[in-house]
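Raw input04.txt, compact mmCIF, C-alpha atoms:
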# COMPACT_ATOMS: atom_id res chain seq x y z
CA MET N 29 0.00 0.00 0.00
CA VAL N 30 1.22 3.44 -0.89
CA GLU N 31 1.80 5.68 2.07
CA ARG N 32 -0.11 8.89 1.45
CA VAL N 33 1.13 12.21 2.75
CA VAL N 34 -1.11 15.23 3.21
CA THR N 35 1.28 17.45 1.25
CA GLY N 36 2.05 14.82 -1.37
CA ALA N 37 0.83 14.69 -4.92
CA HIS N 38 -2.68 13.63 -5.79
CA TYR N 39 -1.22 10.46 -7.26
CA GLY N 40 -3.13 11.07 -10.43
CA LEU N 41 -3.24 12.59 -13.82
CA ARG N 42 -5.55 15.50 -13.12
CA ASP N 43 -3.10 18.24 -12.14
CA TRP N 44 -0.59 17.21 -14.79
CA LEU N 45 -3.29 17.42 -17.44
CA ALA N 46 -4.77 20.65 -16.05
CA GLN N 47 -1.36 22.31 -16.20
CA ARG N 48 -1.10 21.52 -19.90
CA ILE N 49 -4.66 22.52 -20.82
CA THR N 50 -4.38 25.83 -18.95
CA ALA N 51 -1.04 26.40 -20.70
CA ALA N 52 -2.73 26.02 -24.08
CA ILE N 53 -5.51 28.48 -23.09
CA MET N 54 -2.95 31.07 -21.92
CA ALA N 55 -0.89 30.58 -25.10
CA VAL N 56 -3.90 31.43 -27.28
CA TYR N 57 -4.72 34.52 -25.18
CA THR N 58 -1.07 35.63 -25.32
CA VAL N 59 -0.94 35.46 -29.10
CA ILE N 60 -4.18 37.49 -29.37
CA LEU N 61 -2.92 40.11 -26.91
CA VAL N 62 0.44 40.46 -28.68
CA VAL N 63 -1.32 40.88 -32.04
CA VAL N 64 -3.54 43.60 -30.53
CA LEU N 65 -0.60 45.34 -28.82
CA VAL N 66 1.92 45.41 -31.67
CA GLY N 67 -0.22 44.93 -34.76
CA GLY N 68 -3.01 47.45 -34.45
CA VAL N 69 -3.47 51.09 -33.67
CA PRO N 70 -1.12 52.90 -31.27
CA ILE N 71 -2.17 52.20 -27.68
CA THR N 72 -3.57 55.35 -26.12
CA TYR N 73 -5.77 55.50 -23.02
CA PRO N 74 -9.13 55.39 -24.92
CA VAL N 75 -7.95 52.42 -27.03
CA TRP N 76 -6.66 50.60 -23.94
CA LYS N 77 -9.81 51.34 -21.93
CA ASP N 78 -12.13 50.31 -24.79
CA LEU N 79 -10.25 47.04 -25.24
CA PHE N 80 -10.80 46.02 -21.63
CA THR N 81 -14.42 47.23 -21.60
CA GLN N 82 -15.50 44.84 -24.33
CA GLY N 83 -17.31 41.77 -23.09
CA TRP N 84 -15.19 39.22 -24.95
CA MET N 85 -11.95 40.75 -23.67
CA ARG N 86 -13.18 40.75 -20.08
CA VAL N 87 -14.22 37.12 -20.28
CA ALA N 88 -11.02 36.11 -22.13
CA THR N 89 -8.88 37.90 -19.55
CA LEU N 90 -10.76 36.30 -16.67
CA LEU N 91 -10.33 32.90 -18.37
CA PHE N 92 -6.61 33.66 -18.68
CA ALA N 93 -6.45 34.61 -15.00
CA ALA N 94 -8.27 31.44 -13.93
CA SER N 95 -5.95 29.35 -16.11
CA LEU N 96 -2.94 31.14 -14.64
CA ALA N 97 -4.23 30.48 -11.13
CA TRP N 98 -4.55 26.74 -11.66
CA HIS N 99 -1.31 26.52 -13.67
CA ALA N 100 0.66 28.48 -11.09
CA TRP N 101 -0.74 26.38 -8.27
CA VAL N 102 0.46 23.14 -9.90
CA GLY N 103 3.85 24.71 -10.63
CA MET N 104 4.33 26.16 -7.16
CA ARG N 105 3.30 22.87 -5.56
CA ASP N 106 5.83 21.02 -7.78
CA ILE N 107 8.57 23.38 -6.63
CA LEU N 108 7.58 23.05 -2.95
CA MET N 109 7.44 19.24 -3.23
CA ASP N 110 10.94 19.22 -4.74
CA TYR N 111 12.73 21.55 -2.33
CA VAL N 112 10.78 21.83 0.93
CA LYS N 113 10.81 18.53 2.79
CA PRO N 114 9.36 19.19 6.30
CA THR N 115 5.61 18.57 6.08
CA GLY N 116 4.53 21.48 8.29
CA LEU N 117 6.63 24.05 6.48
CA ARG N 118 5.60 22.72 3.08
CA LEU N 119 1.91 22.82 3.99
CA SER N 120 2.27 26.39 5.29
CA LEU N 121 3.95 27.54 2.08
CA GLU N 122 1.34 25.74 -0.02
CA VAL N 123 -1.43 27.54 1.87
CA ALA N 124 0.43 30.84 1.42
CA ALA N 125 0.69 30.21 -2.34
CA LEU N 126 -3.04 29.46 -2.51
CA VAL N 127 -3.91 32.64 -0.59
CA VAL N 128 -1.75 34.71 -2.95
CA ILE N 129 -3.34 33.07 -6.00
CA ALA N 130 -6.87 33.68 -4.67
CA ALA N 131 -6.01 37.31 -3.98
CA TYR N 132 -4.62 37.70 -7.53
CA LEU N 133 -7.87 36.30 -8.95
CA GLY N 134 -10.06 38.57 -6.86
CA TRP N 135 -8.03 41.63 -7.78
CA THR N 136 -8.19 40.72 -11.48
CA ALA N 137 -11.99 40.50 -11.36
CA GLN N 138 -12.07 43.84 -9.54
CA ILE N 139 -9.89 45.50 -12.20
CA LEU N 140 -11.94 44.07 -15.08
CA TRP N 141 -15.41 44.94 -13.71
CA ARG N 142 -14.80 48.30 -12.15
CA MET T 23 44.47 -0.80 6.73
CA ALA T 24 47.27 -0.10 4.27
CA ASN T 25 44.71 -0.81 1.66
CA ALA T 26 42.40 1.90 2.93
CA ILE T 27 45.13 4.49 2.88
CA THR T 28 46.21 3.83 -0.66
CA ARG T 29 42.63 3.72 -1.91
CA LYS T 30 41.93 6.51 -4.36
CA SER T 31 39.74 9.26 -2.95
CA ARG T 32 36.43 9.25 -4.70
CA PRO T 33 35.08 12.39 -6.30
CA LYS T 34 32.22 13.97 -4.37
CA TYR T 35 29.98 15.20 -7.10
CA LEU T 36 27.50 17.03 -4.93
CA SER T 37 29.96 19.45 -3.39
CA LEU T 38 29.21 23.11 -4.05
CA ARG T 39 32.43 23.39 -6.04
CA ALA T 40 31.39 20.45 -8.19
CA LEU T 41 27.90 21.90 -8.70
CA LEU T 42 29.31 25.27 -9.70
CA PHE T 43 32.38 24.37 -11.72
CA GLU T 44 32.51 20.68 -12.57
CA ILE T 45 29.04 19.47 -13.44
CA ARG T 46 27.84 21.13 -16.57
CA LEU T 47 24.17 20.95 -17.42
CA PRO T 48 23.29 19.85 -20.93
CA LEU T 49 21.38 22.50 -22.91
CA SER T 50 18.07 20.76 -22.30
CA GLY T 51 18.88 20.97 -18.58
CA TRP T 52 19.33 24.73 -18.88
CA VAL T 53 16.00 25.03 -20.67
CA SER T 54 14.38 23.00 -17.90
CA ILE T 55 15.80 24.86 -14.90
CA LEU T 56 15.20 28.24 -16.55
CA HIS T 57 11.60 27.15 -17.13
CA ARG T 58 11.26 26.59 -13.40
CA ILE T 59 13.07 29.81 -12.40
CA SER T 60 11.09 31.91 -14.89
CA GLY T 61 7.85 30.36 -13.63
CA LEU T 62 8.69 31.21 -10.02
CA LEU T 63 9.67 34.74 -11.03
CA LEU T 64 6.42 35.23 -12.96
CA PHE T 65 4.38 33.98 -9.99
CA PHE T 66 5.65 36.87 -7.87
CA ALA T 67 5.61 39.36 -10.74
CA VAL T 68 1.84 39.00 -11.15
CA LEU T 69 1.49 41.36 -8.16
CA TRP T 70 3.39 44.11 -9.97
CA ILE T 71 1.70 43.47 -13.34
CA LEU T 72 -1.76 43.68 -11.74
CA PHE T 73 -0.74 46.93 -10.05
CA LEU T 74 0.33 48.36 -13.43
CA LEU T 75 -2.85 47.10 -15.15
CA ASP T 76 -5.00 48.55 -12.38
CA ARG T 77 -3.38 51.99 -12.61
CA SER T 78 -3.35 52.04 -16.40
CA LEU T 79 -7.08 51.30 -16.64
CA ALA T 80 -8.19 53.49 -13.75
CA SER T 81 -7.85 56.88 -15.45
CA GLU T 82 -6.16 58.82 -18.23
CA SER T 83 -3.62 60.25 -15.78
CA GLY T 84 -3.02 56.78 -14.35
CA PHE T 85 -2.34 55.49 -17.85
CA GLU T 86 0.15 58.28 -18.52
CA SER T 87 1.88 57.75 -15.17
CA VAL T 88 2.30 54.02 -15.95
CA ARG T 89 3.73 54.96 -19.35
CA ARG T 90 6.25 57.35 -17.73
CA TYR T 91 7.03 54.80 -15.01
CA ALA T 92 7.69 52.06 -17.61
CA ALA T 93 10.15 54.35 -19.39
CA LEU T 94 12.45 54.63 -16.35
CA PRO T 95 15.62 52.63 -17.13
CA LEU T 96 15.40 50.44 -14.03
CA VAL T 97 11.70 49.68 -14.58
CA LYS T 98 12.28 49.06 -18.26
CA GLY T 99 15.08 46.61 -17.40
CA ALA T 100 12.88 44.77 -14.89
CA LEU T 101 10.02 44.59 -17.40
CA LEU T 102 12.38 43.23 -20.06
CA VAL T 103 13.50 40.51 -17.63
CA LEU T 104 9.84 39.61 -17.07
CA ILE T 105 9.13 39.65 -20.81
CA TRP T 106 12.09 37.32 -21.29
CA ALA T 107 10.82 35.08 -18.46
CA TYR T 108 7.39 34.93 -20.11
CA CYS T 109 8.84 34.21 -23.57
CA HIS T 110 11.16 31.53 -22.22
CA HIS T 111 8.39 29.91 -20.18
CA PHE T 112 6.16 30.01 -23.27
CA CYS T 113 8.71 28.51 -25.71
CA ALA T 114 10.07 25.91 -23.27
CA GLY T 115 6.50 24.97 -22.36
CA ILE T 116 5.66 24.29 -26.01
CA ARG T 117 8.82 22.16 -26.22
CA PHE T 118 7.71 20.18 -23.16
CA LEU T 119 4.26 19.62 -24.69
CA PHE T 120 5.96 18.02 -27.70
CA LEU T 121 8.17 15.93 -25.40
CA ASP T 122 4.99 14.73 -23.65
CA LEU T 123 3.83 13.48 -27.05
CA ASP T 124 7.19 11.70 -27.51
CA LYS T 125 8.23 14.13 -30.24
CA GLY T 126 11.85 15.25 -30.32
CA VAL T 127 13.17 13.03 -27.56
CA ASP T 128 16.27 11.79 -29.39
CA LYS T 129 19.52 13.51 -28.45
CA ALA T 130 20.14 15.48 -31.65
CA THR T 131 16.59 16.86 -31.93
CA ALA T 132 16.40 17.61 -28.20
CA ARG T 133 19.63 19.62 -28.43
CA LEU T 134 18.40 21.47 -31.51
CA THR T 135 15.05 22.38 -29.92
CA SER T 136 16.87 23.51 -26.74
CA VAL T 137 18.97 25.93 -28.79
CA ALA T 138 15.83 27.05 -30.58
CA VAL T 139 13.98 27.74 -27.30
CA LEU T 140 16.90 29.74 -25.86
CA ALA T 141 17.41 31.73 -29.06
CA VAL T 142 13.76 32.35 -29.91
CA SER T 143 12.90 33.59 -26.42
CA VAL T 144 15.78 36.08 -26.47
CA GLY T 145 14.79 37.14 -30.00
CA LEU T 146 11.14 37.60 -29.00
CA THR T 147 12.19 39.65 -25.98
CA ALA T 148 14.25 41.97 -28.18
CA TRP T 149 11.42 42.28 -30.70
CA LEU T 150 8.76 43.02 -28.04
CA GLY T 151 11.10 45.45 -26.30
CA ALA T 152 11.63 47.32 -29.56
CA LYS T 153 7.88 47.37 -30.27
CA LEU T 154 6.75 48.45 -26.82
CA TRP T 155 9.17 51.32 -26.22
Go ahead and express the file in the form of structure tokens.
Amino acid sequence: MVERVVTGAHYGLRDWLAQRITAAIMAVYTVILVVVLVGGVPITYPVWKDLFTQGWMRVATLLFAASLAWHAWVGMRDILMDYVKPTGLRLSLEVAALVVIAAYLGWTAQILWR
Amino acid sequence: MANAITRKSRPKYLSLRALLFEIRLPLSGWVSILHRISGLLLFFAVLWILFLLDRSLASESGFESVRRYAALPLVKGALLVLIWAYCHHFCAGIRFLFLDLDKGVDKATARLTSVAVLAVSVGLTAWLGAKLW
């Protein structure tokens, strides 16, 4: 029987797969954003503001932020599992990472729907 | 005991000196560790990026202040490092997706794609830097 640890991996495919799917979503968003930033009209305040007021851009950006949150969580947990061995310290840092990620997400929503 | 004294001392490959000067990472190893370092860097940088996005969308004067702020040499340098981190993470990530599919795992191709990732991410950084400022 495998000995399970509270700060161990989920022993499954889900996070691995999620990291790759969220990466693909962020890659698509990145390409669109770069095309808008360097390909189109010069970015002035009205152009910038209009871009982030459009419904599709708000939803796409929120989707990007949600993908980033999940992706970053898997990545941070991988790093903590590799370098931080004491269970208590690792769990504390994992919780800290989650709190930071949740705060990032909340702030993003606040910026987008002001 | 005479035997023990004449025995050759074995190399200790995990000494700091060995890690710094003797063990050299293959190129794919550099791509891999830079992927991790850039990811960690980007995790913390989100705070700053959100701050800049917030200010730039809040008002016309906020937008202009972000533009002036981003033109400061130190800020510009830091942003270029982050742009590089993003580009490297992006390119190396695509390489890893192909490796997951068993594409490009032989030594010659892996070396070639490692060079490509390192070169393309630096090239993209230069191009974006030139476009944005």
Using all atoms listed in the file, what does the table of chain N residues within 9 Å of chain T look like, with each row giving the shortest atom pair and its distance in Å to one decimal, sorted by chain and ascending number, as a tab-separated table?
residue	atom	partner	partner_atom	distance
N:Arg48	CA	T:Leu119	CA	7.4
N:Ala51	CA	T:Gly115	CA	7.9
N:Ala52	CA	T:Ile116	CA	8.8
N:Ala55	CA	T:Phe112	CA	7.3
N:Val62	CA	T:Leu150	CA	8.7
N:Leu65	CA	T:Leu154	CA	8.2
N:Val66	CA	T:Lys153	CA	6.4
N:Thr72	CA	T:Phe85	CA	8.4
N:Tyr73	CA	T:Glu82	CA	5.8
N:Pro74	CA	T:Glu82	CA	8.1
N:Trp76	CA	T:Leu79	CA	7.3
N:Lys77	CA	T:Leu79	CA	6.0
N:Phe80	CA	T:Leu79	CA	8.2
N:Ala100	CA	T:Phe65	CA	6.7
N:Gly103	CA	T:Gly61	CA	7.5
N:Met104	CA	T:Leu62	CA	7.3
N:Ile107	CA	T:Arg58	CA	8.0
N:Ile129	CA	T:Phe65	CA	8.7
N:Tyr132	CA	T:Leu69	CA	7.2
N:Trp135	CA	T:Leu72	CA	7.7
N:Thr136	CA	T:Leu72	CA	7.1
N:Gln138	CA	T:Asp76	CA	9.0
N:Ile139	CA	T:Asp76	CA	5.8
N:Leu140	CA	T:Asp76	CA	8.7
N:Arg142	CA	T:Ala80	CA	8.6
As AutoDock Vina command-line options, what would the box around range 104-114 of chain T look like: edges along x, y and z, 8 Å added on every side, centre and edge lengths in Å to one decimal?
--center_x 9.1 --center_y 32.8 --center_z -21.4 --size_x 21.9 --size_y 29.7 --size_z 24.6
N:Met54, N:Ala124, N:Ala46, N:Met109 ranked by distance to Leu90 in chain N, top pick (using all atoms listed in the file):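 Looking at the shortest contact to Leu90 in chain N, the residue is N:Met54.
Counting all atoms listed in the file, the residue from T:Ser50, T:Ala148, T:Ile55, T:Pro95 that sits nearest to Val127 in chain T is T:Ser50.
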Counting only C-alpha atoms, which residues sit no farther than 12 Å from the position (-8.8, 32.8, -16.3) in the file's frame? I'd like them as a ChimeraX atom specification. /N:49-54,57,85-100,129-130,132-134,136-137,140
Residue with smallest distance to Gln47 in chain N - pool N:Val64, N:Trp101, N:Thr81, N:Val33, counting only C-alpha atoms: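 Distance minimum relative to Gln47 in chain N lands on N:Trp101.
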Leu119 in chain N surroundings by all atoms listed in the file, 10 Å radius, close-in-sequence under 2 positions cut, as a JSON list (two decimals) with C-alpha atoms, in the frame of the given file:
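Once written, selection.json looks like this:
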[["chain", "number", "residue", "atom", "x", "y", "z"],
["N", 34, "VAL", "CA", -1.11, 15.23, 3.21],
["N", 35, "THR", "CA", 1.28, 17.45, 1.25],
["N", 36, "GLY", "CA", 2.05, 14.82, -1.37],
["N", 105, "ARG", "CA", 3.30, 22.87, -5.56],
["N", 108, "LEU", "CA", 7.58, 23.05, -2.95],
["N", 109, "MET", "CA", 7.44, 19.24, -3.23],
["N", 112, "VAL", "CA", 10.78, 21.83, 0.93],
["N", 113, "LYS", "CA", 10.81, 18.53, 2.79],
["N", 114, "PRO", "CA", 9.36, 19.19, 6.30],
["N", 115, "THR", "CA", 5.61, 18.57, 6.08],
["N", 116, "GLY", "CA", 4.53, 21.48, 8.29],
["N", 117, "LEU", "CA", 6.63, 24.05, 6.48],
["N", 121, "LEU", "CA", 3.95, 27.54, 2.08],
["N", 122, "GLU", "CA", 1.34, 25.74, -0.02],
["N", 123, "VAL", "CA", -1.43, 27.54, 1.87],
["N", 124, "ALA", "CA", 0.43, 30.84, 1.42],
["N", 125, "ALA", "CA", 0.69, 30.21, -2.34]]
Ranking T:Leu123, T:Ile71, T:Leu38, T:Ala107 by minimum distance to Val144 in chain T and counting only C-alpha atoms, which one comes first?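 Closest residue, counting only C-alpha atoms: T:Ala107.
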Report, in Å with one decimal, the straight-line distance from CA of Val139 in chain T to CA of Val59 in chain N.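 Between CA of Val139 in chain T and CA of Val59 in chain N the gap is 16.9 Å.
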Can you measure CA of Trp106 in chain T to CA of Ser143 in chain T for me? One decimal in Å is fine.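 Rounded to one decimal, the two atoms are 6.4 Å apart.
As for CA of Val103 in chain T and CA of Ala67 in chain T, they are spaced 10.5 Å apart.
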Just range 134-146 of chain T, please, as a PDB file, in the first residue's frame (only all heavy atoms).
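And here's out-v7.pdb as it stands now:
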ATOM      1  N   LEU T 134      18.788  20.444 -30.536  1.00  0.00           N
ATOM      2  CA  LEU T 134      18.398  21.468 -31.508  1.00  0.00           C
ATOM      3  C   LEU T 134      17.225  22.304 -30.984  1.00  0.00           C
ATOM      4  O   LEU T 134      17.242  23.542 -31.049  1.00  0.00           O
ATOM      5  CB  LEU T 134      18.002  20.773 -32.826  1.00  0.00           C
ATOM      6  CG  LEU T 134      17.831  21.682 -34.040  1.00  0.00           C
ATOM      7  CD1 LEU T 134      19.189  22.234 -34.468  1.00  0.00           C
ATOM      8  CD2 LEU T 134      17.183  20.909 -35.194  1.00  0.00           C
ATOM      9  N   THR T 135      16.210  21.631 -30.411  1.00  0.00           N
ATOM     10  CA  THR T 135      15.053  22.381 -29.921  1.00  0.00           C
ATOM     11  C   THR T 135      15.420  23.205 -28.681  1.00  0.00           C
ATOM     12  O   THR T 135      14.844  24.261 -28.452  1.00  0.00           O
ATOM     13  CB  THR T 135      13.866  21.444 -29.595  1.00  0.00           C
ATOM     14  OG1 THR T 135      14.301  20.423 -28.702  1.00  0.00           O
ATOM     15  CG2 THR T 135      13.295  20.818 -30.851  1.00  0.00           C
ATOM     16  N   SER T 136      16.408  22.719 -27.897  1.00  0.00           N
ATOM     17  CA  SER T 136      16.866  23.509 -26.744  1.00  0.00           C
ATOM     18  C   SER T 136      17.490  24.817 -27.219  1.00  0.00           C
ATOM     19  O   SER T 136      17.196  25.894 -26.696  1.00  0.00           O
ATOM     20  CB  SER T 136      17.902  22.734 -25.938  1.00  0.00           C
ATOM     21  OG  SER T 136      17.339  21.565 -25.423  1.00  0.00           O
ATOM     22  N   VAL T 137      18.362  24.722 -28.223  1.00  0.00           N
ATOM     23  CA  VAL T 137      18.975  25.925 -28.786  1.00  0.00           C
ATOM     24  C   VAL T 137      17.889  26.851 -29.319  1.00  0.00           C
ATOM     25  O   VAL T 137      17.912  28.065 -29.086  1.00  0.00           O
ATOM     26  CB  VAL T 137      19.967  25.549 -29.912  1.00  0.00           C
ATOM     27  CG1 VAL T 137      20.473  26.792 -30.612  1.00  0.00           C
ATOM     28  CG2 VAL T 137      21.117  24.743 -29.348  1.00  0.00           C
ATOM     29  N   ALA T 138      16.904  26.250 -29.991  1.00  0.00           N
ATOM     30  CA  ALA T 138      15.825  27.051 -30.577  1.00  0.00           C
ATOM     31  C   ALA T 138      15.059  27.797 -29.495  1.00  0.00           C
ATOM     32  O   ALA T 138      14.781  28.991 -29.624  1.00  0.00           O
ATOM     33  CB  ALA T 138      14.893  26.149 -31.388  1.00  0.00           C
ATOM     34  N   VAL T 139      14.731  27.107 -28.397  1.00  0.00           N
ATOM     35  CA  VAL T 139      13.980  27.743 -27.302  1.00  0.00           C
ATOM     36  C   VAL T 139      14.770  28.915 -26.730  1.00  0.00           C
ATOM     37  O   VAL T 139      14.240  30.025 -26.560  1.00  0.00           O
ATOM     38  CB  VAL T 139      13.657  26.716 -26.185  1.00  0.00           C
ATOM     39  CG1 VAL T 139      13.221  27.424 -24.908  1.00  0.00           C
ATOM     40  CG2 VAL T 139      12.575  25.761 -26.648  1.00  0.00           C
ATOM     41  N   LEU T 140      16.067  28.686 -26.447  1.00  0.00           N
ATOM     42  CA  LEU T 140      16.897  29.744 -25.858  1.00  0.00           C
ATOM     43  C   LEU T 140      17.017  30.934 -26.807  1.00  0.00           C
ATOM     44  O   LEU T 140      16.892  32.092 -26.400  1.00  0.00           O
ATOM     45  CB  LEU T 140      18.280  29.194 -25.509  1.00  0.00           C
ATOM     46  CG  LEU T 140      18.290  28.136 -24.390  1.00  0.00           C
ATOM     47  CD1 LEU T 140      19.627  27.434 -24.321  1.00  0.00           C
ATOM     48  CD2 LEU T 140      17.943  28.768 -23.051  1.00  0.00           C
ATOM     49  N   ALA T 141      17.219  30.653 -28.091  1.00  0.00           N
ATOM     50  CA  ALA T 141      17.414  31.726 -29.063  1.00  0.00           C
ATOM     51  C   ALA T 141      16.117  32.473 -29.348  1.00  0.00           C
ATOM     52  O   ALA T 141      16.087  33.708 -29.353  1.00  0.00           O
ATOM     53  CB  ALA T 141      17.991  31.151 -30.360  1.00  0.00           C
ATOM     54  N   VAL T 142      15.032  31.716 -29.561  1.00  0.00           N
ATOM     55  CA  VAL T 142      13.759  32.354 -29.912  1.00  0.00           C
ATOM     56  C   VAL T 142      13.250  33.227 -28.769  1.00  0.00           C
ATOM     57  O   VAL T 142      12.739  34.327 -28.996  1.00  0.00           O
ATOM     58  CB  VAL T 142      12.707  31.287 -30.310  1.00  0.00           C
ATOM     59  CG1 VAL T 142      11.314  31.903 -30.416  1.00  0.00           C
ATOM     60  CG2 VAL T 142      13.086  30.630 -31.628  1.00  0.00           C
ATOM     61  N   SER T 143      13.426  32.774 -27.520  1.00  0.00           N
ATOM     62  CA  SER T 143      12.901  33.593 -26.419  1.00  0.00           C
ATOM     63  C   SER T 143      13.684  34.893 -26.273  1.00  0.00           C
ATOM     64  O   SER T 143      13.090  35.938 -25.992  1.00  0.00           O
ATOM     65  CB  SER T 143      12.861  32.797 -25.114  1.00  0.00           C
ATOM     66  OG  SER T 143      14.072  32.147 -24.882  1.00  0.00           O
ATOM     67  N   VAL T 144      15.000  34.838 -26.506  1.00  0.00           N
ATOM     68  CA  VAL T 144      15.777  36.081 -26.470  1.00  0.00           C
ATOM     69  C   VAL T 144      15.378  36.980 -27.647  1.00  0.00           C
ATOM     70  O   VAL T 144      15.188  38.193 -27.489  1.00  0.00           O
ATOM     71  CB  VAL T 144      17.296  35.779 -26.492  1.00  0.00           C
ATOM     72  CG1 VAL T 144      18.098  37.054 -26.710  1.00  0.00           C
ATOM     73  CG2 VAL T 144      17.714  35.115 -25.196  1.00  0.00           C
ATOM     74  N   GLY T 145      15.200  36.374 -28.812  1.00  0.00           N
ATOM     75  CA  GLY T 145      14.791  37.138 -29.997  1.00  0.00           C
ATOM     76  C   GLY T 145      13.439  37.804 -29.805  1.00  0.00           C
ATOM     77  O   GLY T 145      13.260  38.990 -30.119  1.00  0.00           O
ATOM     78  N   LEU T 146      12.486  37.052 -29.253  1.00  0.00           N
ATOM     79  CA  LEU T 146      11.145  37.595 -29.001  1.00  0.00           C
ATOM     80  C   LEU T 146      11.200  38.753 -28.012  1.00  0.00           C
ATOM     81  O   LEU T 146      10.504  39.760 -28.167  1.00  0.00           O
ATOM     82  CB  LEU T 146      10.227  36.501 -28.448  1.00  0.00           C
ATOM     83  CG  LEU T 146       9.512  35.580 -29.438  1.00  0.00           C
ATOM     84  CD1 LEU T 146       8.722  34.519 -28.683  1.00  0.00           C
ATOM     85  CD2 LEU T 146       8.580  36.380 -30.345  1.00  0.00           C
TER      86      LEU T 146
END
